[in-house]
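Before any comments, here is the structure.
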Amino acid sequence: DQQVKQNSPSLSVQEGRISILNCDYTNSMFDYFLWYKKYPAEGPTFLISISSIKDKNEDGRFTVFLNKSAKHLSLHIVPSQPGDSAVYFCAATGTASKLTFGTGTRLQVTL
Amino acid sequence: DAEITQSPRHKITETGRQVTLACHQTWNHNNMFWYRQDLGHGLRLIHYSYGVQDTNKGEVSDGYSVSRSNTEDLPLTLESAASSQTSVYFCASSDRSGGNIQETQYFGPGTRLLVL
């Protein structure tokens with residue numbers, strides 16, 4: 001039972017355009033959501049997070065939106081750069097510190 | 001700088017052998033986690049620990065064990081390696097300090113394990 005779903009395994013975007021990565025969750029107890037970025041042969045690195053008391057969090061080119069009623073969050077990258085090409089994992093947690101990850105979306109930013 | 005390291009980075013072993021993967025963090029974090037990453041599954045939690053002498057089973061704990069004798073280390077042992085345990089293994093740590101309600105997990109570089 002996949003509690004965190006990333007339904008798009010891959011996404012290709014032109015440099016300079018907006019990248020939108022989506023994530024859905026089913027567990028109502030999740031109250032904190034994170035996005036991790038992963039390059040090949042490296043561990044995931046934390047990118048941005050959002051608490052369930054907010055609906056938007058921005059950090060430079062990265063913005064995460066949370067729609068609690070739809071149990072949906074999205075990561076927007078504007079403008080997209082070639083260095084953003086990586087696998088992006090959505091993760092969620094409740095009160096127990098454990099993260100539940102989605103299956104990842106591979107973003108390719110083309111020139 | 002504080003960091004989290006894993007060793008070895010690559011390991012080839014045979015079915016039935018015992019294998020131990022090391023994880024060492026210098027963040028002084030209380031919480032440590034082991035995940036495996038497989039295509040189509042993302043990262044799945046194997047075991048985790050909230051402090052010294054504390055260990056807990058995760059989503060996919062069968063065939064794995066951990067022990068926590070100090071804050072810095074959480075070794076992962078495959079008691080009798082199976083081909084289904086061929087995967088990339090990541091260790092992570094976190095700490096709910098400074099009054100933060102939620103904490104971020106920081107990951108090691110991973111160990112790629114091949115069981116023949």
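Naming scheme: A, B, ... for chains in displayed order of the structure tokens; residues 1 onward per chain; ligands 1 onward as shown.
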Legend entry - Expected answer as a VMD selection string: strand (DSSP E) residues in segment 27-101 of chain B: chain B and resid 31 to 38 42 to 51 54 to 57 64 to 66 76 to 78 87 to 94
Find the nearest atom pair between each residue of segment 23-99 of chain B and segment 45-50 of chain A for residues within 12 Å, count only C-alpha atoms, give distances in Å to one decimal, sort rows by chain and ascending number, and present the table as a Markdown table.
```
| residue | atom | partner | partner_atom | distance |
| --- | --- | --- | --- | --- |
| B:Phe90 | CA | A:Thr45 | CA | 11.7 |
| B:Ala92 | CA | A:Thr45 | CA | 10.4 |
| B:Ser94 | CA | A:Phe46 | CA | 11.7 |
```
Legend entry - Interatomic distance (Å, one decimal) between atom CA of Leu66 of chain A and atom CA of Ile20 of chain A: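 Computed distance, atom CA of Leu66 of chain A to atom CA of Ile20 of chain A, equals 13.0 Å.
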Counting only C-alpha atoms, which residues of chain B sit at most 12 Å from some atom of chain A, and what is each one's closest atom pair with its distance in Å to one decimal, listed by chain and rising residue number, as CSV?
```
residue,atom,partner,partner_atom,distance
B:Ile4,CA,A:Gly43,CA,10.2
B:Thr5,CA,A:Gly43,CA,10.2
B:Gln6,CA,A:Gly43,CA,10.3
B:Arg9,CA,A:Ala41,CA,9.6
B:His10,CA,A:Ala41,CA,10.6
B:Asn30,CA,A:Ser97,CA,11.1
B:Asn31,CA,A:Ser97,CA,8.3
B:Met32,CA,A:Lys98,CA,9.9
B:Phe33,CA,A:Lys98,CA,8.4
B:Trp34,CA,A:Lys98,CA,10.7
B:Tyr35,CA,A:Leu99,CA,10.1
B:Arg36,CA,A:Phe101,CA,11.1
B:Gln37,CA,A:Thr103,CA,9.2
B:Asp38,CA,A:Thr103,CA,8.9
B:Leu39,CA,A:Thr103,CA,7.9
B:Gly40,CA,A:Thr103,CA,5.9
B:His41,CA,A:Thr103,CA,5.1
B:Gly42,CA,A:Thr103,CA,3.8
B:Leu43,CA,A:Phe101,CA,5.9
B:Arg44,CA,A:Phe101,CA,7.1
B:Leu45,CA,A:Thr100,CA,7.8
B:Ile46,CA,A:Lys98,CA,10.9
B:His47,CA,A:Lys98,CA,10.1
B:Tyr48,CA,A:Lys98,CA,8.3
B:Ser49,CA,A:Lys98,CA,10.1
B:Tyr50,CA,A:Ser97,CA,9.1
B:Asn56,CA,A:Lys98,CA,10.8
B:Lys57,CA,A:Lys98,CA,11.1
B:Gly58,CA,A:Lys98,CA,8.9
B:Glu59,CA,A:Thr100,CA,9.6
B:Val88,CA,A:Ala41,CA,9.4
B:Tyr89,CA,A:Gly43,CA,9.4
B:Phe90,CA,A:Gly43,CA,6.9
B:Cys91,CA,A:Gly43,CA,8.7
B:Ala92,CA,A:Gly43,CA,9.1
B:Ser93,CA,A:Ser97,CA,10.3
B:Ser94,CA,A:Ser97,CA,8.4
B:Asp95,CA,A:Ser97,CA,8.9
B:Arg96,CA,A:Ser97,CA,8.6
B:Asn100,CA,A:Ser51,CA,11.5
B:Ile101,CA,A:Thr95,CA,8.8
B:Gln102,CA,A:Tyr32,CA,7.3
B:Glu103,CA,A:Ser97,CA,7.3
B:Thr104,CA,A:Phe46,CA,7.4
B:Gln105,CA,A:Phe46,CA,7.6
B:Tyr106,CA,A:Thr45,CA,6.9
B:Phe107,CA,A:Gly43,CA,5.6
B:Gly108,CA,A:Gly43,CA,5.4
B:Pro109,CA,A:Gly43,CA,4.2
B:Gly110,CA,A:Gly43,CA,5.8
B:Thr111,CA,A:Ala41,CA,9.1
B:Arg112,CA,A:Ala41,CA,8.9
```
Legend entry - Nearest-residue call for Ser67 of chain B, choices B:Leu21, B:Ser87, B:Glu3, B:Asn28, using only C-alpha atoms: B:Leu21
Inset, instruction - Measure the distance from atom CA of Ser83 of chain B to atom CA of Glu14 of chain B in Å and round it to one decimal. - result: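 Distance between the two atoms: 8.4 Å.
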